[in-house]
>>> print(open('coords.txt').read())   # compact mmCIF, C-alpha atoms and all ligand atoms
# COMPACT_ATOMS: atom_id res chain seq x y z
CA MET A 215 124.72 73.23 104.01
CA ASP A 216 125.53 75.02 100.76
CA ALA A 217 125.03 78.75 100.64
CA ALA A 218 121.92 80.00 98.82
CA ILE A 219 124.14 81.86 96.36
CA GLU A 220 127.86 81.96 95.70
CA VAL A 221 129.08 84.28 93.00
CA ALA A 222 132.74 84.62 92.07
CA ASP A 223 134.30 87.22 89.80
CA LEU A 224 131.44 87.69 87.33
CA ARG A 225 132.14 89.74 84.25
CA LYS A 226 129.93 90.84 81.40
CA THR A 227 130.67 93.37 78.68
CA TYR A 228 128.04 94.50 76.18
CA ARG A 229 129.25 95.54 72.75
CA GLY A 230 127.03 97.82 70.70
CA ARG A 231 127.73 99.67 67.48
CA ARG A 232 126.51 102.94 68.95
CA THR A 233 127.33 102.47 72.62
CA GLY A 234 130.74 100.84 72.14
CA GLU A 235 131.89 98.59 74.97
CA VAL A 236 130.01 98.76 78.25
CA ARG A 237 131.47 96.80 81.16
CA ALA A 238 128.13 96.17 82.82
CA VAL A 239 129.52 93.73 85.40
CA ASP A 240 133.18 94.07 86.22
CA GLY A 241 134.40 91.44 88.70
CA VAL A 242 131.44 90.89 91.02
CA SER A 243 131.66 88.40 93.92
CA PHE A 244 129.26 87.84 96.81
CA ARG A 245 127.68 85.13 98.93
CA VAL A 246 124.13 84.92 100.27
CA GLU A 247 123.27 82.57 103.13
CA ARG A 248 120.03 80.62 103.24
CA GLY A 249 117.18 82.59 104.75
CA GLU A 250 118.96 85.89 104.27
CA PHE A 251 117.43 89.04 102.79
CA PHE A 252 120.14 90.36 100.48
CA GLY A 253 119.95 93.61 98.54
CA ILE A 254 121.90 94.91 95.57
CA LEU A 255 121.69 98.69 95.78
CA GLY A 256 122.90 101.01 93.07
CA PRO A 257 121.89 103.85 90.76
CA ASN A 258 120.48 103.28 87.27
CA GLY A 259 122.99 101.57 85.02
CA ALA A 260 125.11 100.22 87.91
CA GLY A 261 124.78 96.66 86.57
CA LYS A 262 122.21 95.29 89.03
CA THR A 263 119.85 93.75 86.47
CA THR A 264 122.66 92.18 84.48
CA THR A 265 124.11 90.67 87.67
CA LEU A 266 120.72 89.34 88.71
CA GLU A 267 120.01 87.86 85.28
CA ILE A 268 123.34 86.05 85.33
CA VAL A 269 122.72 84.73 88.83
CA GLU A 270 119.23 83.56 87.84
CA GLY A 271 120.72 81.69 84.89
CA LEU A 272 118.93 83.89 82.33
CA ARG A 273 122.11 85.42 80.94
CA LYS A 274 125.55 83.94 80.40
CA PRO A 275 128.53 85.81 81.87
CA ASP A 276 131.75 86.32 79.89
CA SER A 277 133.52 84.77 82.86
CA GLY A 278 133.02 83.95 86.52
CA THR A 279 130.98 81.33 88.36
CA VAL A 280 127.57 81.11 90.02
CA ARG A 281 126.34 78.44 92.43
CA LEU A 282 122.67 78.48 93.39
CA LEU A 283 121.71 76.15 96.24
CA GLY A 284 124.97 74.31 95.52
CA ARG A 285 124.41 73.94 91.76
CA SER A 286 125.30 75.77 88.61
CA PRO A 287 122.28 77.57 87.05
CA TRP A 288 123.81 76.95 83.63
CA PRO A 289 122.78 74.80 81.75
CA HIS A 290 119.22 74.86 83.09
CA SER A 291 118.04 72.07 85.29
CA PRO A 292 114.30 71.72 85.93
CA GLU A 293 115.05 70.57 89.46
CA LEU A 294 116.83 73.83 90.27
CA THR A 295 114.39 76.05 88.36
CA GLY A 296 111.54 74.63 90.46
CA ARG A 297 113.24 75.90 93.61
CA LEU A 298 113.64 79.46 92.31
CA GLY A 299 111.10 82.27 92.01
CA VAL A 300 111.87 85.05 89.55
CA GLN A 301 109.75 88.16 89.48
CA LEU A 302 109.23 89.09 85.86
CA GLN A 303 108.77 92.70 84.88
CA ALA A 304 105.08 93.64 84.91
CA SER A 305 105.35 94.36 81.17
CA ALA A 306 105.79 90.61 80.59
CA PHE A 307 102.11 89.91 81.42
CA PHE A 308 99.57 88.70 78.94
CA GLU A 309 97.51 91.89 78.84
CA PHE A 310 94.17 90.29 78.08
CA LEU A 311 94.24 87.71 80.85
CA THR A 312 92.71 88.50 84.21
CA ALA A 313 94.86 88.44 87.34
CA ARG A 314 93.50 85.00 88.20
CA GLU A 315 94.05 83.59 84.67
CA GLN A 316 97.55 85.01 84.64
CA LEU A 317 98.40 83.27 87.86
CA GLU A 318 96.73 80.02 86.85
CA THR A 319 98.91 80.00 83.73
CA PHE A 320 102.03 80.31 85.88
CA ALA A 321 100.71 77.74 88.35
CA LYS A 322 100.34 75.20 85.52
CA LEU A 323 103.98 75.71 84.53
CA TYR A 324 104.93 74.63 88.02
CA GLY A 325 102.48 71.73 88.07
CA GLU A 326 100.26 73.54 90.58
CA GLY A 327 96.50 73.83 90.51
CA ARG A 328 93.90 76.58 90.75
CA GLU A 329 93.79 76.54 94.53
CA ARG A 330 97.46 77.50 94.69
CA ALA A 331 96.82 80.35 92.21
CA MET A 332 93.94 81.69 94.33
CA ALA A 333 95.96 81.32 97.53
CA MET A 334 98.72 83.45 96.01
CA LEU A 335 96.23 86.12 94.90
CA ASP A 336 94.99 86.19 98.46
CA LEU A 337 98.51 86.38 99.88
CA VAL A 338 99.38 89.46 97.84
CA GLY A 339 96.04 91.14 98.58
CA LEU A 340 94.60 90.84 95.08
CA ALA A 341 91.69 88.46 95.71
CA ASP A 342 89.21 91.28 95.07
CA SER A 343 90.82 92.00 91.71
CA ALA A 344 90.94 88.37 90.56
CA ASN A 345 88.75 89.09 87.54
CA VAL A 346 90.40 92.32 86.48
CA ARG A 347 92.51 92.19 83.32
CA ALA A 348 96.23 92.74 83.90
CA GLU A 349 96.30 95.86 81.73
CA LYS A 350 93.68 97.49 84.00
CA LEU A 351 95.57 96.93 87.24
CA SER A 352 97.33 99.85 88.95
CA GLY A 353 101.14 99.95 89.10
CA GLY A 354 101.19 98.59 92.64
CA GLN A 355 98.70 95.84 91.79
CA LYS A 356 100.78 94.77 88.79
CA GLN A 357 103.85 94.49 91.02
CA ARG A 358 101.83 92.40 93.47
CA LEU A 359 100.67 90.13 90.68
CA SER A 360 104.21 89.63 89.42
CA ILE A 361 105.34 88.80 92.96
CA ALA A 362 102.47 86.31 93.26
CA CYS A 363 103.64 84.68 90.01
CA SER A 364 107.16 84.32 91.42
CA LEU A 365 105.81 82.57 94.53
CA VAL A 366 103.41 80.17 92.89
CA GLY A 367 105.97 77.34 92.73
CA ASP A 368 106.74 77.66 96.47
CA PRO A 369 110.39 78.66 95.84
CA GLU A 370 113.23 78.56 98.38
CA LEU A 371 115.01 81.45 96.72
CA VAL A 372 113.17 84.51 95.37
CA PHE A 373 114.63 87.19 93.07
CA LEU A 374 112.92 90.56 92.94
CA ASP A 375 114.25 93.12 90.44
CA GLU A 376 113.26 96.64 91.47
CA PRO A 377 109.88 95.47 92.78
CA THR A 378 108.74 98.93 93.86
CA ALA A 379 110.11 101.02 90.98
CA ALA A 380 107.75 103.76 89.82
CA LEU A 381 105.37 103.36 92.77
CA ASP A 382 104.34 106.24 95.01
CA PRO A 383 105.80 106.18 98.54
CA GLN A 384 102.62 104.80 100.14
CA ALA A 385 102.25 101.95 97.63
CA ARG A 386 105.97 101.24 98.07
CA ARG A 387 105.62 100.88 101.84
CA ASN A 388 102.60 98.61 101.45
CA LEU A 389 104.66 96.34 99.22
CA TRP A 390 107.48 96.26 101.78
CA ASP A 391 105.17 94.49 104.22
CA LEU A 392 104.45 91.80 101.65
CA ILE A 393 108.11 91.40 100.72
CA ARG A 394 109.12 91.15 104.39
CA ARG A 395 106.60 88.35 104.91
CA ILE A 396 108.09 86.37 102.02
CA ASN A 397 111.43 86.40 103.84
CA ASP A 398 109.82 85.77 107.25
CA GLU A 399 108.41 82.54 105.83
CA GLY A 400 112.01 81.32 105.58
CA ARG A 401 112.67 82.05 101.91
CA THR A 402 115.94 83.62 100.83
CA VAL A 403 115.21 86.91 99.08
CA VAL A 404 117.51 88.81 96.72
CA LEU A 405 116.28 92.22 95.72
CA THR A 406 117.72 94.96 93.55
CA THR A 407 116.77 98.53 94.21
CA HIS A 408 117.86 102.08 93.62
CA TYR A 409 115.99 103.27 96.70
CA MET A 410 118.35 103.68 99.67
CA GLU A 411 115.48 103.74 102.12
CA GLU A 412 114.16 100.45 100.76
CA ALA A 413 117.50 98.71 101.17
CA GLU A 414 117.83 100.10 104.67
CA ALA A 415 114.31 99.06 105.65
CA LEU A 416 114.32 95.54 104.23
CA CYS A 417 117.75 94.01 103.83
CA ASP A 418 119.86 92.01 106.29
CA ARG A 419 122.85 92.75 104.08
CA VAL A 420 123.40 95.07 101.16
CA ALA A 421 125.94 95.15 98.35
CA ILE A 422 126.44 98.69 97.10
CA MET A 423 127.06 98.58 93.38
CA ASP A 424 128.33 101.28 91.06
CA ALA A 425 129.71 101.12 87.52
CA GLY A 426 129.72 97.31 87.40
CA ARG A 427 131.46 96.77 90.73
CA ILE A 428 130.48 96.07 94.29
CA ARG A 429 131.94 98.88 96.37
CA ALA A 430 130.88 97.72 99.84
CA THR A 431 128.96 94.85 101.44
CA GLY A 432 127.51 94.60 104.93
CA SER A 433 124.40 95.12 107.00
CA PRO A 434 123.02 98.66 106.67
CA ALA A 435 123.92 99.29 110.32
CA GLU A 436 127.51 98.05 109.81
CA LEU A 437 127.98 100.12 106.68
CA ILE A 438 126.62 103.25 108.30
CA GLY A 439 128.49 102.59 111.57
CA SER A 440 131.79 102.17 109.72
CA LEU A 441 131.53 105.75 108.50
CA ASP A 442 131.86 107.17 112.00
CA ALA A 443 129.84 110.12 110.69
CA PRO A 444 128.53 112.84 112.99
CA THR A 445 124.85 113.37 113.75
CA ARG A 446 123.47 116.62 112.36
CA ILE A 447 121.18 118.44 114.76
CA ALA A 448 119.37 121.59 113.64
CA VAL A 449 117.12 123.99 115.57
CA ALA A 450 115.43 127.20 114.51
CA ALA A 451 117.77 130.19 114.71
CA GLY A 452 116.83 133.02 117.06
CA GLN A 453 116.74 130.84 120.16
CA LEU A 454 120.52 130.88 120.56
CA ASP A 455 122.97 133.67 119.95
CA ALA A 456 126.19 132.88 118.12
CA ASP A 457 128.27 132.74 121.32
CA ARG A 458 125.94 130.30 123.02
CA ALA A 459 125.78 128.10 119.88
CA ALA A 460 129.58 128.03 119.73
CA ALA A 461 129.78 127.16 123.44
CA LEU A 462 127.32 124.27 123.01
CA ALA A 463 129.22 123.02 119.96
CA GLY A 464 132.39 122.89 122.09
CA GLY A 465 134.71 122.97 119.10
CA ASP A 466 132.55 120.81 116.79
CA PRO A 467 131.31 122.38 113.52
CA VAL A 468 128.30 124.69 113.85
CA ARG A 469 126.82 127.02 111.24
CA GLU A 470 123.71 129.05 110.49
CA GLU A 471 121.85 127.93 107.38
CA ASP A 472 118.38 128.88 106.07
CA GLY A 473 117.23 130.26 109.42
CA ARG A 474 118.53 127.25 111.34
CA VAL A 475 121.51 126.59 113.53
CA VAL A 476 123.11 123.33 112.40
CA PHE A 477 125.42 121.35 114.70
CA GLU A 478 127.52 118.32 113.80
CA THR A 479 128.17 116.22 116.87
CA ARG A 480 129.32 112.76 117.92
CA ASP A 481 127.53 113.10 121.25
CA PRO A 482 123.94 113.86 120.27
CA GLN A 483 122.57 112.97 123.70
CA LYS A 484 124.66 115.62 125.46
CA LEU A 485 123.88 118.32 122.92
CA LEU A 486 120.15 117.57 122.92
CA THR A 487 120.05 117.65 126.73
CA GLU A 488 121.77 121.05 126.74
CA LEU A 489 119.51 122.43 124.01
CA ALA A 490 116.50 121.25 126.00
CA ALA A 491 117.85 122.92 129.17
CA ASP A 492 118.19 126.17 127.17
CA GLY A 493 114.60 125.80 125.92
CA ALA A 494 115.99 125.87 122.38
CA LEU A 495 114.39 122.84 120.73
CA GLN A 496 112.00 124.69 118.42
CA GLY A 497 112.19 123.42 114.83
CA LEU A 498 114.35 120.48 115.92
CA SER A 499 115.55 118.02 113.30
CA VAL A 500 118.04 115.21 113.83
CA ARG A 501 119.73 113.49 110.93
CA THR A 502 121.99 110.52 111.43
CA ALA A 503 124.14 109.11 108.65
CA ASN A 504 122.38 106.82 106.16
CA LEU A 505 123.26 104.67 103.16
CA GLU A 506 123.42 107.80 101.03
CA ASP A 507 126.46 108.89 103.04
CA VAL A 508 127.95 105.40 102.65
CA PHE A 509 127.51 105.62 98.86
CA LEU A 510 129.26 109.00 98.79
CA ASP A 511 132.05 107.62 100.94
CA VAL A 512 132.72 104.49 98.85
CA THR A 513 132.19 105.93 95.36
CA GLY A 514 133.18 109.56 95.82
CA ARG A 515 129.94 110.49 94.03
CA GLU A 516 126.70 112.01 95.27
CA TRP A 517 123.74 109.64 95.16
CA ARG A 518 121.15 110.50 92.51
CA GLU A 519 117.97 108.45 92.22
N1 LIG A 601 121.30 94.28 76.39
C1 LIG A 601 122.17 95.29 76.55
N2 LIG A 601 122.95 95.72 75.54
C2 LIG A 601 123.85 96.71 75.70
N3 LIG A 601 124.03 97.39 76.87
C3 LIG A 601 123.28 97.02 77.92
C4 LIG A 601 122.32 95.95 77.82
N4 LIG A 601 121.71 95.80 79.03
C5 LIG A 601 122.29 96.72 79.84
N5 LIG A 601 123.22 97.45 79.19
C6 LIG A 601 124.08 98.50 79.77
O1 LIG A 601 124.84 97.91 80.83
C7 LIG A 601 124.90 98.78 81.96
C8 LIG A 601 124.30 98.09 83.18
O2 LIG A 601 122.91 97.91 82.96
P1 LIG A 601 121.92 97.17 83.99
O3 LIG A 601 120.55 97.17 83.39
O4 LIG A 601 122.52 95.87 84.36
O5 LIG A 601 122.01 98.14 85.22
P2 LIG A 601 120.97 98.40 86.39
O6 LIG A 601 121.80 98.73 87.57
O7 LIG A 601 120.03 97.28 86.50
O8 LIG A 601 120.24 99.69 85.92
P3 LIG A 601 118.67 99.93 85.69
O9 LIG A 601 118.13 100.13 87.05
O10 LIG A 601 118.69 101.20 84.86
O11 LIG A 601 118.17 98.73 84.96
C9 LIG A 601 124.21 100.06 81.53
O12 LIG A 601 125.17 100.96 81.08
C10 LIG A 601 123.30 99.61 80.41
O13 LIG A 601 123.07 100.68 79.51
>>> encode(input="coords.txt", output="structure tokens")
Amino acid sequence: MDAAIEVADLRKTYRGRRTGEVRAVDGVSFRVERGEFFGILGPNGAGKTTTLEIVEGLRKPDSGTVRLLGRSPWPHSPELTGRLGVQLQASAFFEFLTAREQLETFAKLYGEGRERAMAMLDLVGLADSANVRAEKLSGGQKQRLSIACSLVGDPELVFLDEPTAALDPQARRNLWDLIRRINDEGRTVVLTTHYMEEAEALCDRVAIMDAGRIRATGSPAELIGSLDAPTRIAVAAGQLDADRAAALAGGDPVREEDGRVVFETRDPQKLLTELAADGALQGLSVRTANLEDVFLDVTGREWRE
């Protein structure tokens, strides 16, 4: 079976009078299997949206090729478009339509009826707000509505561009449940995000993008595992004198910082057992490596959201 997406060596440069040349996408290649949950993770301006728009067939690359479900998205074919779901930015809504009217409009474009529109409102948890105008919906509700619109045609492949941007952490987590379900139903999902945690929580595989290029691809666990980074274990100072801390560290780095003793270890189980035996677990925190450390490793830059 063809892959869901095959992208080879995409390039796109924007030329503006004020901005000069911006190489937004600079040789991007990746492959997404059917049923996969694939994430493109990168800071603002990394080139995620441009890449996604090219893959969706909304923007033409300067060079490179895209195959979606075995076909080229360019020029448009109605057959292919009907198998794709693209989440539009919430700002693309018709402000004066209610949530239900909005969705019915999209349903019609896909040759679907009112029942399908209502079913989608239900699916995204907006049935109670069916008669609320789009402009009156909260940020999270607008994102839900735009996701419902992308699902109305029962797509095999769904593209979500920063679906939880500008939401508070609770609303973001609530949306994760919905997004996970879309993938659990067997649909391939491609999502862009600049939230590390989101990529780690949702994606089977992640491409880390920076300055127009993909710097690393793999499952979050693979990417983090490949770092071979130590676990940082901190406890409140005052429970251990410096000699005892050094003895427990056994040659590994240990330092005192903001009233805490901070160890870096590759054998967290041993250290935790010894700290527990010393009765020195007050104020314990354990931090393993995460995608932020991977970003630093592959780009040489600190991650800034
Ligand atoms: N239409 C455009 N004209 C000129 N420059 C553009 C255009 N769209 C994007 N850019 C520039 O191309 C680069 C990549 O932008 P893009 O929107 O693809 O990145 P992104 O990773 O999606 O970031 P964001 O999360 O901020 O949207 C940026 O430097 C951006 O300023």
>>> residues_near_ligand(input="coords.txt", ligand="ligand LIG 601 (chain A)", cutoff="6 Å", atoms="all atoms listed in the file", output="JSON, numbers by chain")
{"A": [228, 236, 238, 258, 259, 260, 261, 262, 263, 264]}
>>> atom_distance(input="coords.txt", atom1="CA of Gly271 (chain A)", atom2="CA of His290 (chain A)")
7.2 Å
>>> closest_residue(input="coords.txt", among="A:Arg285, A:Asp336, A:Pro275, A:Leu255", to="Pro434 (chain A)", atoms="only C-alpha atoms")
A:Leu255
>>> residues_around(input="coords.txt", residues="region 462-478 of chain A", least_positions_apart="5", cutoff="8 Å", atoms="all atoms listed in the file", output="compact mmCIF listing (two decimals) with C-alpha atoms, in the frame of the given file")
# COMPACT_ATOMS: atom_id res chain seq x y z
CA PRO A 444 128.53 112.84 112.99
CA THR A 445 124.85 113.37 113.75
CA ARG A 446 123.47 116.62 112.36
CA ILE A 447 121.18 118.44 114.76
CA ALA A 448 119.37 121.59 113.64
CA VAL A 449 117.12 123.99 115.57
CA ALA A 450 115.43 127.20 114.51
CA ALA A 451 117.77 130.19 114.71
CA LEU A 485 123.88 118.32 122.92
CA GLU A 488 121.77 121.05 126.74
>>> closest_atom_pairs(input="coords.txt", of="region 244-290 of chain A", to="region 383-397 of chain A", cutoff="12 Å", atoms="only C-alpha atoms", output="CSV")
residue,atom,partner,partner_atom,distance
A:Arg248,CA,A:Asn397,CA,10.4
A:Gly249,CA,A:Asn397,CA,7.0
A:Glu250,CA,A:Asn397,CA,7.6
A:Phe251,CA,A:Asn397,CA,6.6
A:Phe252,CA,A:Asn397,CA,10.1
>>> closest_residue(input="coords.txt", among="A:Thr312, A:Ser352, A:Gly256, A:Glu412", to="Phe509 (chain A)", atoms="only C-alpha atoms")
A:Gly256
